[in-house]
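Enquirer: Below is the file target_7.txt, with compact mmCIF, C-alpha atoms and all ligand atoms.
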# COMPACT_ATOMS: atom_id res chain seq x y z
CA MET A 287 61.95 132.77 -47.65
CA ILE A 288 61.17 135.30 -44.98
CA ASP A 289 63.91 135.42 -42.39
CA VAL A 290 62.36 135.07 -38.90
CA LYS A 291 64.33 136.00 -35.76
CA THR A 292 63.55 136.47 -32.09
CA PHE A 293 63.00 140.07 -31.06
CA GLY A 294 63.23 140.29 -27.29
CA GLU A 295 61.53 137.84 -24.98
CA LYS A 296 58.21 137.32 -26.68
CA ALA A 297 58.28 139.03 -30.05
CA LYS A 298 59.48 137.92 -33.48
CA LEU A 299 61.16 139.89 -36.22
CA TYR A 300 60.23 139.22 -39.88
CA CYS A 301 62.81 140.40 -42.41
CA LEU A 302 61.92 141.04 -46.04
CA LYS A 303 64.38 141.82 -48.83
CA ASN A 304 63.77 142.82 -52.44
CA LYS A 305 65.78 142.55 -55.64
CA ASP A 306 67.48 145.95 -55.19
CA GLY A 307 68.64 145.00 -51.70
CA MET A 308 66.09 147.13 -49.83
CA GLN A 309 65.10 145.46 -46.55
CA VAL A 310 62.18 145.91 -44.18
CA SER A 311 61.85 144.30 -40.77
CA LEU A 312 58.51 143.96 -39.02
CA THR A 313 57.44 142.66 -35.65
CA ASP A 314 54.26 141.04 -34.40
CA PHE A 315 54.52 143.29 -31.31
CA GLY A 316 52.12 146.03 -32.38
CA ALA A 317 52.10 144.92 -36.07
CA ARG A 318 55.00 147.29 -36.35
CA VAL A 319 57.57 148.43 -38.88
CA VAL A 320 60.99 148.14 -37.25
CA GLU A 321 63.76 149.01 -39.70
CA VAL A 322 63.66 150.17 -43.32
CA LEU A 323 67.13 149.63 -44.76
CA LEU A 324 68.16 151.22 -48.04
CA PRO A 325 71.40 150.40 -49.88
CA VAL A 326 72.34 154.04 -50.35
CA GLU A 327 75.67 154.28 -48.62
CA GLU A 328 79.00 153.83 -50.40
CA ASN A 329 79.60 150.31 -51.72
CA GLY A 330 75.95 149.37 -51.14
CA GLY A 331 76.10 149.95 -47.37
CA LEU A 332 72.67 150.06 -45.71
CA ARG A 333 71.00 153.09 -44.16
CA ASN A 334 68.15 152.55 -41.71
CA VAL A 335 65.58 155.34 -42.07
CA SER A 336 62.88 154.13 -39.61
CA LEU A 337 63.05 154.81 -35.87
CA ALA A 338 63.44 151.43 -34.16
CA THR A 339 64.54 149.65 -31.01
CA LYS A 340 66.06 146.21 -30.49
CA SER A 341 63.20 144.36 -28.76
CA ASP A 342 59.62 144.45 -27.51
CA GLU A 343 60.90 145.36 -24.03
CA ASP A 344 62.81 148.31 -25.47
CA TYR A 345 59.60 149.71 -26.97
CA ARG A 346 57.86 149.21 -23.63
CA LYS A 347 60.67 151.07 -21.83
CA THR A 348 60.87 153.95 -24.29
CA ASP A 349 57.93 154.59 -26.60
CA LEU A 350 55.21 152.20 -27.78
CA TYR A 351 54.24 154.21 -30.86
CA PRO A 352 57.19 154.07 -33.32
CA GLY A 353 56.27 152.00 -36.38
CA SER A 354 53.14 150.56 -34.81
CA THR A 355 49.62 150.07 -36.06
CA ILE A 356 47.20 152.42 -34.34
CA VAL A 357 43.64 151.12 -34.05
CA PRO A 358 40.74 151.53 -33.79
CA VAL A 359 40.92 155.34 -33.93
CA ALA A 360 44.09 157.33 -34.60
CA GLY A 361 44.54 160.77 -33.09
CA ARG A 362 42.57 162.46 -30.32
CA ILE A 363 38.86 162.17 -29.55
CA SER A 364 37.49 165.19 -27.69
CA GLY A 365 35.77 164.56 -24.35
CA ALA A 366 36.75 160.87 -24.67
CA HIS A 367 33.28 160.13 -26.02
CA ALA A 368 31.33 160.07 -29.29
CA GLU A 369 27.95 159.10 -30.63
CA ILE A 370 27.49 156.08 -32.84
CA LYS A 371 24.04 156.06 -34.48
CA GLY A 372 22.47 157.95 -31.59
CA THR A 373 24.14 156.11 -28.70
CA THR A 374 26.93 157.81 -26.75
CA TYR A 375 30.01 155.72 -26.03
CA HIS A 376 32.68 156.66 -23.48
CA PHE A 377 36.29 155.79 -24.22
CA THR A 378 39.41 155.48 -22.06
CA GLU A 379 40.72 158.92 -21.14
CA ASN A 380 44.49 158.53 -21.60
CA GLU A 381 45.01 162.29 -21.88
CA PRO A 382 43.01 164.83 -19.85
CA ASN A 383 39.46 164.77 -21.19
CA ARG A 384 40.40 163.00 -24.43
CA THR A 385 41.36 159.65 -25.92
CA LEU A 386 44.66 159.39 -27.80
CA HIS A 387 45.36 156.65 -30.38
CA GLY A 388 42.58 154.29 -29.27
CA GLY A 389 43.34 154.30 -25.53
CA VAL A 390 45.62 152.08 -23.45
CA GLY A 391 46.67 148.46 -23.74
CA THR A 392 45.48 148.53 -27.30
CA ALA A 393 46.86 146.81 -30.39
CA ASN A 394 50.20 148.64 -30.52
CA GLU A 395 51.03 146.91 -27.20
CA GLN A 396 49.74 143.47 -28.19
CA TYR A 397 51.28 140.48 -29.97
CA TRP A 398 49.39 139.98 -33.22
CA ASP A 399 48.86 136.68 -35.06
CA VAL A 400 51.08 136.23 -38.08
CA ASP A 401 50.38 134.73 -41.48
CA LEU A 402 53.32 134.41 -43.84
CA ALA A 403 51.11 132.78 -46.53
CA ASN A 404 54.13 131.21 -48.27
CA ASP A 405 54.89 134.63 -49.60
CA THR A 406 58.42 135.93 -49.70
CA GLN A 407 57.64 139.62 -49.67
CA SER A 408 54.62 140.18 -47.49
CA VAL A 409 53.51 139.57 -43.92
CA THR A 410 49.92 139.67 -42.66
CA PHE A 411 49.27 140.44 -39.00
CA GLY A 412 45.85 139.87 -37.45
CA ILE A 413 44.16 140.75 -34.18
CA VAL A 414 40.64 140.87 -32.79
CA LEU A 415 39.79 143.99 -30.76
CA LYS A 416 37.38 142.74 -28.11
CA ASP A 417 33.98 144.34 -27.73
CA GLY A 418 34.32 147.19 -25.22
CA LEU A 419 38.13 147.48 -25.37
CA ASN A 420 38.72 151.10 -24.29
CA GLY A 421 34.97 151.57 -24.72
CA PHE A 422 34.78 150.89 -28.48
CA PRO A 423 32.08 148.53 -29.76
CA GLY A 424 33.24 145.31 -31.42
CA PRO A 425 34.61 142.74 -31.71
CA VAL A 426 36.55 144.07 -34.66
CA ALA A 427 38.76 141.72 -36.67
CA VAL A 428 41.73 143.70 -37.99
CA GLN A 429 44.44 142.78 -40.48
CA ALA A 430 47.60 144.75 -41.20
CA VAL A 431 49.36 143.64 -44.38
CA TYR A 432 52.89 144.83 -45.15
CA GLU A 433 54.38 144.16 -48.56
CA LEU A 434 57.85 145.04 -49.86
CA THR A 435 57.71 145.32 -53.65
CA ASP A 436 60.51 145.16 -56.20
CA ALA A 437 59.71 148.80 -57.00
CA ASN A 438 61.15 149.69 -53.57
CA GLU A 439 57.74 150.29 -52.04
CA LEU A 440 56.45 149.39 -48.62
CA LYS A 441 52.69 148.90 -49.03
CA VAL A 442 50.54 148.98 -45.92
CA THR A 443 46.97 147.71 -46.13
CA TYR A 444 44.52 147.72 -43.24
CA ARG A 445 41.38 145.62 -43.40
CA ALA A 446 38.70 145.35 -40.75
CA ARG A 447 35.24 143.99 -40.10
CA SER A 448 33.18 144.61 -36.98
CA GLU A 449 30.29 142.68 -35.44
CA GLN A 450 28.67 145.95 -34.31
CA ASP A 451 28.58 149.52 -35.61
CA THR A 452 31.78 151.13 -34.40
CA LEU A 453 34.38 153.80 -35.18
CA PHE A 454 37.45 152.92 -37.20
CA ASN A 455 40.29 155.16 -38.39
CA PRO A 456 43.57 153.27 -38.36
CA THR A 457 47.02 154.57 -39.16
CA ASN A 458 50.65 153.58 -39.09
CA HIS A 459 52.98 155.45 -36.77
CA VAL A 460 56.32 154.90 -38.51
CA TYR A 461 58.79 157.70 -37.86
CA PHE A 462 61.40 158.50 -40.51
CA ASN A 463 64.71 160.28 -40.61
CA LEU A 464 65.74 159.84 -44.23
CA SER A 465 69.35 160.74 -43.48
CA GLY A 466 69.39 157.85 -41.00
CA LYS A 467 70.80 160.16 -38.33
CA PHE A 468 68.28 159.97 -35.51
CA GLN A 469 70.30 162.22 -33.23
CA GLU A 470 70.19 165.05 -35.79
CA ASP A 471 67.11 167.11 -36.51
CA ILE A 472 65.17 166.84 -39.76
CA GLY A 473 65.07 170.64 -40.22
CA GLU A 474 66.83 170.46 -43.59
CA HIS A 475 64.72 167.61 -44.96
CA GLN A 476 62.50 169.00 -47.72
CA MET A 477 58.83 168.12 -47.96
CA ARG A 478 56.03 168.60 -50.46
CA ILE A 479 52.38 168.04 -49.46
CA ALA A 480 49.63 168.19 -52.06
CA ALA A 481 47.25 170.15 -49.84
CA GLN A 482 45.63 173.56 -50.03
CA SER A 483 44.52 173.59 -46.40
CA TYR A 484 45.44 172.29 -42.96
CA VAL A 485 43.63 172.02 -39.64
CA PRO A 486 44.77 174.32 -36.82
CA LEU A 487 44.91 172.89 -33.29
CA GLY A 488 43.86 174.15 -29.86
CA GLU A 489 45.80 174.10 -26.57
CA ASP A 490 44.82 170.47 -26.05
CA ASN A 491 46.27 169.39 -29.44
CA LEU A 492 42.75 168.75 -30.71
CA PRO A 493 41.69 170.10 -34.10
CA LEU A 494 39.87 173.41 -33.70
CA GLY A 495 37.33 172.08 -36.17
CA HIS A 496 37.90 174.21 -39.26
CA PHE A 497 40.31 174.36 -42.20
CA GLU A 498 42.78 177.13 -42.93
CA ALA A 499 44.39 177.88 -46.27
CA VAL A 500 48.11 177.04 -46.27
CA GLU A 501 48.92 179.99 -48.50
CA GLY A 502 51.23 182.49 -46.84
CA THR A 503 51.84 180.23 -43.80
CA PRO A 504 54.60 177.78 -42.73
CA PHE A 505 52.03 175.07 -43.54
CA ASP A 506 52.42 175.74 -47.26
CA PHE A 507 54.27 172.74 -48.71
CA ARG A 508 52.66 172.88 -52.15
CA GLU A 509 56.23 173.37 -53.40
CA PHE A 510 59.14 171.67 -51.65
CA ALA A 511 60.13 173.49 -48.44
CA THR A 512 62.20 172.49 -45.42
CA PHE A 513 60.80 171.52 -42.02
CA ASN A 514 62.79 174.49 -40.73
CA GLN A 515 60.13 176.66 -42.39
CA GLY A 516 57.97 175.78 -39.36
CA PHE A 517 60.62 175.00 -36.75
CA LYS A 518 62.06 178.51 -37.11
CA SER A 519 58.80 180.38 -37.51
CA ASN A 520 56.82 182.50 -35.07
CA HIS A 521 53.49 181.28 -36.41
CA PRO A 522 51.29 180.65 -33.34
CA GLN A 523 50.41 177.16 -34.58
CA ASN A 524 54.08 176.14 -34.76
CA ILE A 525 54.80 177.71 -31.38
CA LEU A 526 51.81 175.96 -29.82
CA VAL A 527 53.03 172.43 -30.64
CA LYS A 528 56.76 173.24 -30.95
CA GLY A 529 56.83 172.21 -34.61
CA TYR A 530 54.25 170.30 -36.61
CA ASP A 531 51.54 167.99 -35.25
CA HIS A 532 48.83 168.89 -37.75
CA PRO A 533 46.47 167.31 -40.25
CA TRP A 534 46.54 168.42 -43.89
CA LEU A 535 43.58 167.75 -46.17
CA LEU A 536 45.05 166.02 -49.22
CA ASP A 537 44.35 166.87 -52.84
CA LYS A 538 43.20 163.86 -54.84
CA VAL A 539 46.49 163.31 -56.66
CA PRO A 540 48.61 160.17 -57.03
CA THR A 541 51.52 161.33 -54.87
CA ALA A 542 50.23 163.04 -51.75
CA VAL A 543 53.49 163.69 -49.93
CA GLU A 544 57.18 163.63 -50.85
CA VAL A 545 60.18 164.10 -48.59
CA ILE A 546 63.87 164.40 -49.50
CA SER A 547 66.66 163.71 -47.00
CA SER A 548 68.99 166.49 -45.85
CA ASP A 549 71.84 164.91 -47.85
CA GLN A 550 69.46 164.57 -50.85
CA LYS A 551 70.31 160.89 -51.26
CA VAL A 552 66.85 159.54 -50.37
CA ARG A 553 63.41 160.53 -51.62
CA LEU A 554 60.22 159.15 -50.11
CA GLN A 555 56.93 159.33 -52.01
CA VAL A 556 53.64 158.56 -50.28
CA GLU A 557 50.44 157.43 -51.97
CA THR A 558 47.28 156.84 -49.98
CA ASN A 559 43.56 156.37 -50.41
CA GLN A 560 43.06 158.30 -47.16
CA PRO A 561 41.79 161.91 -47.11
CA ALA A 562 44.36 163.38 -44.71
CA VAL A 563 47.89 163.12 -43.40
CA VAL A 564 48.99 164.07 -39.88
CA ILE A 565 52.63 165.12 -39.79
CA TYR A 566 54.20 164.97 -36.33
CA THR A 567 57.80 166.11 -35.83
CA TYR A 568 58.73 164.59 -32.44
CA ASN A 569 58.18 167.79 -30.53
CA PHE A 570 58.52 166.52 -26.98
CA PRO A 571 62.18 166.46 -25.92
CA GLN A 572 61.47 163.83 -23.26
CA GLU A 573 61.00 161.26 -26.00
CA SER A 574 64.31 159.47 -25.77
CA LEU A 575 64.83 157.49 -28.93
CA ALA A 576 65.73 160.38 -31.20
CA ALA A 577 66.73 164.01 -30.99
CA TYR A 578 64.12 166.72 -30.52
CA HIS A 579 62.76 167.12 -34.09
CA GLY A 580 64.86 164.08 -35.00
CA VAL A 581 62.09 162.24 -36.89
CA PHE A 582 58.72 162.82 -38.54
CA SER A 583 55.65 160.62 -38.82
CA MET A 584 53.20 160.76 -41.72
CA GLU A 585 49.96 159.32 -40.44
CA CYS A 586 47.65 158.80 -43.41
CA GLN A 587 44.09 158.58 -42.10
CA ALA A 588 40.70 160.27 -41.97
CA LEU A 589 40.77 163.57 -40.06
CA PRO A 590 41.34 163.26 -36.30
CA ASN A 591 38.26 163.76 -34.13
CA ALA A 592 36.07 163.23 -37.23
CA CYS A 593 33.53 161.51 -34.95
CA ASN A 594 32.89 164.78 -33.09
CA VAL A 595 33.35 167.46 -35.76
CA ASP A 596 30.80 168.27 -38.44
CA GLY A 597 32.44 168.49 -41.83
CA PHE A 598 35.38 166.21 -40.99
CA GLY A 599 33.90 163.16 -42.73
CA SER A 600 32.75 159.86 -41.27
CA ILE A 601 34.78 157.15 -39.52
CA LEU A 602 31.73 155.00 -38.85
CA LEU A 603 32.39 151.34 -39.61
CA GLU A 604 29.05 149.63 -39.86
CA LYS A 605 28.44 146.11 -38.69
CA ASP A 606 29.64 143.53 -41.24
CA GLN A 607 31.00 146.18 -43.59
CA ASN A 608 34.51 145.59 -45.02
CA TYR A 609 36.99 148.36 -44.27
CA VAL A 610 40.13 148.77 -46.44
CA SER A 611 42.80 151.46 -46.41
CA GLU A 612 46.00 151.51 -48.43
CA THR A 613 49.14 153.58 -48.08
CA THR A 614 52.36 153.11 -50.06
CA TYR A 615 55.76 154.46 -49.10
CA ARG A 616 58.04 154.45 -52.19
CA PHE A 617 61.77 155.01 -51.70
CA LEU A 618 64.05 156.37 -54.42
CA TRP A 619 67.79 156.72 -54.11
C1 LIG A 701 51.13 161.67 -32.70
C2 LIG A 701 50.35 162.76 -32.05
C3 LIG A 701 51.29 163.49 -31.15
C4 LIG A 701 51.88 162.54 -30.12
C5 LIG A 701 52.44 161.32 -30.83
C6 LIG A 701 52.84 160.22 -29.89
O1 LIG A 701 50.39 161.00 -33.64
O2 LIG A 701 49.79 163.60 -33.04
O3 LIG A 701 50.64 164.56 -30.54
O4 LIG A 701 50.90 162.17 -29.20
O5 LIG A 701 51.52 160.76 -31.70
O6 LIG A 701 53.91 160.55 -29.10
What do you get writing this file as structure tokens?
Ligand code: GAL
Expert:
Amino acid sequence: MIDVKTFGEKAKLYCLKNKDGMQVSLTDFGARVVEVLLPVEENGGLRNVSLATKSDEDYRKTDLYPGSTIVPVAGRISGAHAEIKGTTYHFTENEPNRTLHGGVGTANEQYWDVDLANDTQSVTFGIVLKDGLNGFPGPVAVQAVYELTDANELKVTYRARSEQDTLFNPTNHVYFNLSGKFQEDIGEHQMRIAAQSYVPLGEDNLPLGHFEAVEGTPFDFREFATFNQGFKSNHPQNILVKGYDHPWLLDKVPTAVEVISSDQKVRLQVETNQPAVVIYTYNFPQESLAAYHGVFSMECQALPNACNVDGFGSILLEKDQNYVSETTYRFLW
């Protein structure tokens, strides 16, 4: 049985547990991961490694992104417009001259439908993005499926189908601190990314539109290295965003990214069918839920601004085509 609780005034919390005692809680508010609890402390005590609040109102008061599903288009779109098969569409400008994470009032701020499907270890959230929401063609029917496996994996599957040609590049915005200490920085976490190149950004946080080799830079995580490699570097790209907020182009290997907690007790392995990962290290001190550099997100997706950059691949979702993306977070301890 899935344990269902209230989560603030309007939201619900769905709690999954597997045979090793790992637990994941999810809410319909934003089809969001709330806590990921691992029995790694002494005597089987639980450690939460996912940045969370206590209710829907708390997310509204602090930050609507942690753990949420970002649709229809993750990341920034330059000029807040793009062409879809020859027609230009204008999107909501929620940053100066650009659209971030699909605009405002979008699915990370909505209450999704829930289907528990008599399953004990998965929850399916569904929503329909209305035609014209933030300027994107639709309607687009979206499903976010979260499954907790007995192999200590959280599997995230996004499915979508649109009634018109549109753009679609979803991601999940879960933030981790694998030590479970959200008021301490992740500088000593170690990360490995199977990527030979990354995408440098401009002043406006938009991709500059070309790839750069990671070799010889603080973006080289082909072998395990700490986040401090970038936090303490003078590389102009780290200075520009005060850490990492960059896309890496992933090698086609089974395990794209791995991260080990500062106390080495937790290892996270990420598998995805997506071409890129955006790693963001909570670089704006005004964000109140965690310390500056207190968490990192790993947004598996197609490259940001792909709709406006030649060579960044396509995020076109054609009418009546079935979209599927899959990302698995495996925890070892
Ligand atoms: C990230 C983005 C950051 C920041 C964050 C939300 O995905 O790359 O620049 O906007 O979301 O606070």
Enquirer: Return as JSON lines the residues of stretch 291-382 of chain A lying at most 12 Å from stretch 453-464 of chain A, together with the closest atom-to-atom pair for each and the distance in Å to one decimal, counting only C-alpha atoms, with rows in chain order and ascending residue number.
Expert:
{"residue": "A:Leu312", "atom": "CA", "partner": "A:Val460", "partner_atom": "CA", "distance": 11.2}
{"residue": "A:Gly316", "atom": "CA", "partner": "A:Asn458", "partner_atom": "CA", "distance": 10.2}
{"residue": "A:Ala317", "atom": "CA", "partner": "A:Asn458", "partner_atom": "CA", "distance": 9.3}
{"residue": "A:Arg318", "atom": "CA", "partner": "A:Val460", "partner_atom": "CA", "distance": 8.0}
{"residue": "A:Val319", "atom": "CA", "partner": "A:Val460", "partner_atom": "CA", "distance": 6.6}
{"residue": "A:Val320", "atom": "CA", "partner": "A:Val460", "partner_atom": "CA", "distance": 8.3}
{"residue": "A:Glu321", "atom": "CA", "partner": "A:Val460", "partner_atom": "CA", "distance": 9.6}
{"residue": "A:Val322", "atom": "CA", "partner": "A:Phe462", "partner_atom": "CA", "distance": 9.1}
{"residue": "A:Leu323", "atom": "CA", "partner": "A:Leu464", "partner_atom": "CA", "distance": 10.3}
{"residue": "A:Leu324", "atom": "CA", "partner": "A:Leu464", "partner_atom": "CA", "distance": 9.7}
{"residue": "A:Val326", "atom": "CA", "partner": "A:Leu464", "partner_atom": "CA", "distance": 10.7}
{"residue": "A:Arg333", "atom": "CA", "partner": "A:Leu464", "partner_atom": "CA", "distance": 8.6}
{"residue": "A:Asn334", "atom": "CA", "partner": "A:Leu464", "partner_atom": "CA", "distance": 8.1}
{"residue": "A:Val335", "atom": "CA", "partner": "A:Leu464", "partner_atom": "CA", "distance": 5.0}
{"residue": "A:Ser336", "atom": "CA", "partner": "A:Phe462", "partner_atom": "CA", "distance": 4.7}
{"residue": "A:Leu337", "atom": "CA", "partner": "A:Tyr461", "partner_atom": "CA", "distance": 5.5}
{"residue": "A:Ala338", "atom": "CA", "partner": "A:Tyr461", "partner_atom": "CA", "distance": 8.6}
{"residue": "A:Asp349", "atom": "CA", "partner": "A:His459", "partner_atom": "CA", "distance": 11.3}
{"residue": "A:Leu350", "atom": "CA", "partner": "A:His459", "partner_atom": "CA", "distance": 9.8}
{"residue": "A:Tyr351", "atom": "CA", "partner": "A:His459", "partner_atom": "CA", "distance": 6.2}
{"residue": "A:Pro352", "atom": "CA", "partner": "A:Val460", "partner_atom": "CA", "distance": 5.3}
{"residue": "A:Gly353", "atom": "CA", "partner": "A:Val460", "partner_atom": "CA", "distance": 3.6}
{"residue": "A:Ser354", "atom": "CA", "partner": "A:His459", "partner_atom": "CA", "distance": 5.3}
{"residue": "A:Thr355", "atom": "CA", "partner": "A:Asn458", "partner_atom": "CA", "distance": 4.7}
{"residue": "A:Ile356", "atom": "CA", "partner": "A:Thr457", "partner_atom": "CA", "distance": 5.3}
{"residue": "A:Val357", "atom": "CA", "partner": "A:Pro456", "partner_atom": "CA", "distance": 4.8}
{"residue": "A:Pro358", "atom": "CA", "partner": "A:Phe454", "partner_atom": "CA", "distance": 4.9}
{"residue": "A:Val359", "atom": "CA", "partner": "A:Asn455", "partner_atom": "CA", "distance": 4.5}
{"residue": "A:Ala360", "atom": "CA", "partner": "A:Pro456", "partner_atom": "CA", "distance": 5.6}
{"residue": "A:Gly361", "atom": "CA", "partner": "A:Asn455", "partner_atom": "CA", "distance": 8.8}
{"residue": "A:Arg362", "atom": "CA", "partner": "A:Asn455", "partner_atom": "CA", "distance": 11.1}
{"residue": "A:Ile363", "atom": "CA", "partner": "A:Leu453", "partner_atom": "CA", "distance": 11.0}
{"residue": "A:His367", "atom": "CA", "partner": "A:Leu453", "partner_atom": "CA", "distance": 11.2}
{"residue": "A:Ala368", "atom": "CA", "partner": "A:Leu453", "partner_atom": "CA", "distance": 9.1}
{"residue": "A:Glu369", "atom": "CA", "partner": "A:Leu453", "partner_atom": "CA", "distance": 9.5}
{"residue": "A:Ile370", "atom": "CA", "partner": "A:Leu453", "partner_atom": "CA", "distance": 7.6}
{"residue": "A:Lys371", "atom": "CA", "partner": "A:Leu453", "partner_atom": "CA", "distance": 10.6}
{"residue": "A:Thr374", "atom": "CA", "partner": "A:Leu453", "partner_atom": "CA", "distance": 11.9}
{"residue": "A:Tyr375", "atom": "CA", "partner": "A:Leu453", "partner_atom": "CA", "distance": 10.3}
{"residue": "A:Phe377", "atom": "CA", "partner": "A:Leu453", "partner_atom": "CA", "distance": 11.3}
Enquirer: What is the distance between atom CA of A:Glu474 and atom O6 of ligand LIG 701 (chain A), in Å to one decimal?
Expert: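 Calculated distance between atom CA of A:Glu474 and atom O6 of ligand LIG 701 (chain A) is 21.8 Å.
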Enquirer: Can you tell me which residues sit at most 9 Å away from ligand LIG 701 (chain A), counting all atoms listed in the file, written as a VMD selection string?
Expert: chain A and resid 349 to 352 360 to 362 386 to 387 459 491 to 492 527 530 to 533 564 to 570 573 583 to 585
Enquirer: List every residue of stretch 353-442 of chain A that has an atom at most 12 Å from any atom of stretch 600-617 of chain A, giving for each one its closest atom pair and the distance in Å to one decimal, counting all atoms listed in the file, sorted by chain and then by ascending residue number, as JSON lines.
Expert:
{"residue": "A:Pro358", "atom": "CA", "partner": "A:Ile601", "partner_atom": "CA", "distance": 10.0}
{"residue": "A:Val359", "atom": "CA", "partner": "A:Ile601", "partner_atom": "CA", "distance": 8.5}
{"residue": "A:Ala360", "atom": "CA", "partner": "A:Ile601", "partner_atom": "CA", "distance": 10.5}
{"residue": "A:Ile363", "atom": "CA", "partner": "A:Ile601", "partner_atom": "CA", "distance": 11.9}
{"residue": "A:Ala368", "atom": "CA", "partner": "A:Leu602", "partner_atom": "CA", "distance": 10.8}
{"residue": "A:Glu369", "atom": "CA", "partner": "A:Leu602", "partner_atom": "CA", "distance": 9.9}
{"residue": "A:Ile370", "atom": "CA", "partner": "A:Leu602", "partner_atom": "CA", "distance": 7.4}
{"residue": "A:Lys371", "atom": "CA", "partner": "A:Leu602", "partner_atom": "CA", "distance": 8.9}
{"residue": "A:Phe422", "atom": "CA", "partner": "A:Leu603", "partner_atom": "CA", "distance": 11.4}
{"residue": "A:Pro423", "atom": "CA", "partner": "A:Lys605", "partner_atom": "CA", "distance": 9.9}
{"residue": "A:Gly424", "atom": "CA", "partner": "A:Lys605", "partner_atom": "CA", "distance": 8.7}
{"residue": "A:Pro425", "atom": "CA", "partner": "A:Lys605", "partner_atom": "CA", "distance": 9.9}
{"residue": "A:Val426", "atom": "CA", "partner": "A:Lys605", "partner_atom": "CA", "distance": 9.3}
{"residue": "A:Ala427", "atom": "CA", "partner": "A:Asn608", "partner_atom": "CA", "distance": 10.1}
{"residue": "A:Val428", "atom": "CA", "partner": "A:Tyr609", "partner_atom": "CA", "distance": 9.1}
{"residue": "A:Gln429", "atom": "CA", "partner": "A:Val610", "partner_atom": "CA", "distance": 9.5}
{"residue": "A:Ala430", "atom": "CA", "partner": "A:Ser611", "partner_atom": "CA", "distance": 9.8}
{"residue": "A:Val431", "atom": "CA", "partner": "A:Glu612", "partner_atom": "CA", "distance": 9.5}
{"residue": "A:Tyr432", "atom": "CA", "partner": "A:Thr614", "partner_atom": "CA", "distance": 9.6}
{"residue": "A:Glu433", "atom": "CA", "partner": "A:Thr614", "partner_atom": "CA", "distance": 9.3}
{"residue": "A:Leu434", "atom": "CA", "partner": "A:Tyr615", "partner_atom": "CA", "distance": 9.7}
{"residue": "A:Thr435", "atom": "CA", "partner": "A:Arg616", "partner_atom": "CA", "distance": 9.3}
{"residue": "A:Asp436", "atom": "CA", "partner": "A:Arg616", "partner_atom": "CA", "distance": 10.4}
{"residue": "A:Ala437", "atom": "CA", "partner": "A:Arg616", "partner_atom": "CA", "distance": 7.6}
{"residue": "A:Asn438", "atom": "CA", "partner": "A:Phe617", "partner_atom": "CA", "distance": 5.7}
{"residue": "A:Glu439", "atom": "CA", "partner": "A:Arg616", "partner_atom": "CA", "distance": 4.2}
{"residue": "A:Leu440", "atom": "CA", "partner": "A:Tyr615", "partner_atom": "CA", "distance": 5.1}
{"residue": "A:Lys441", "atom": "CA", "partner": "A:Thr614", "partner_atom": "CA", "distance": 4.3}
{"residue": "A:Val442", "atom": "CA", "partner": "A:Thr613", "partner_atom": "CA", "distance": 5.3}
Enquirer: Separation of atom CA of A:Asn329 and atom CA of A:Gly307, in Å?
Expert: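 Spanning atom CA of A:Asn329 to atom CA of A:Gly307 is a straight-line distance of 12.2 Å.
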Enquirer: For the atom pair atom CA of A:Thr313 and atom CA of A:Thr541, what is the interatomic distance in Å to one decimal place?
Expert: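 Atom CA of A:Thr313 sits 27.4 Å away from atom CA of A:Thr541.
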Enquirer: Tell me, as a short mmCIF file (atom, residue, chain, number, x, y, z; two decimals) with C-alpha atoms, in the frame of the given file, which residues lie within 9 Å of stretch 508-513 of chain A, counting all atoms listed in the file; anything in the same chain fewer than 5 positions away does not count.
Expert:
data_model
loop_
_atom_site.label_atom_id
_atom_site.label_comp_id
_atom_site.auth_asym_id
_atom_site.auth_seq_id
_atom_site.Cartn_x
_atom_site.Cartn_y
_atom_site.Cartn_z
CA ILE A 472 65.17 166.84 -39.76
CA GLY A 473 65.07 170.64 -40.22
CA GLU A 474 66.83 170.46 -43.59
CA HIS A 475 64.72 167.61 -44.96
CA GLN A 476 62.50 169.00 -47.72
CA MET A 477 58.83 168.12 -47.96
CA ARG A 478 56.03 168.60 -50.46
CA ILE A 479 52.38 168.04 -49.46
CA ALA A 480 49.63 168.19 -52.06
CA ALA A 481 47.25 170.15 -49.84
CA GLN A 482 45.63 173.56 -50.03
CA VAL A 500 48.11 177.04 -46.27
CA GLU A 501 48.92 179.99 -48.50
CA LYS A 518 62.06 178.51 -37.11
CA GLY A 529 56.83 172.21 -34.61
CA TYR A 530 54.25 170.30 -36.61
CA GLU A 544 57.18 163.63 -50.85
CA VAL A 545 60.18 164.10 -48.59
CA ILE A 546 63.87 164.40 -49.50
CA THR A 567 57.80 166.11 -35.83
#
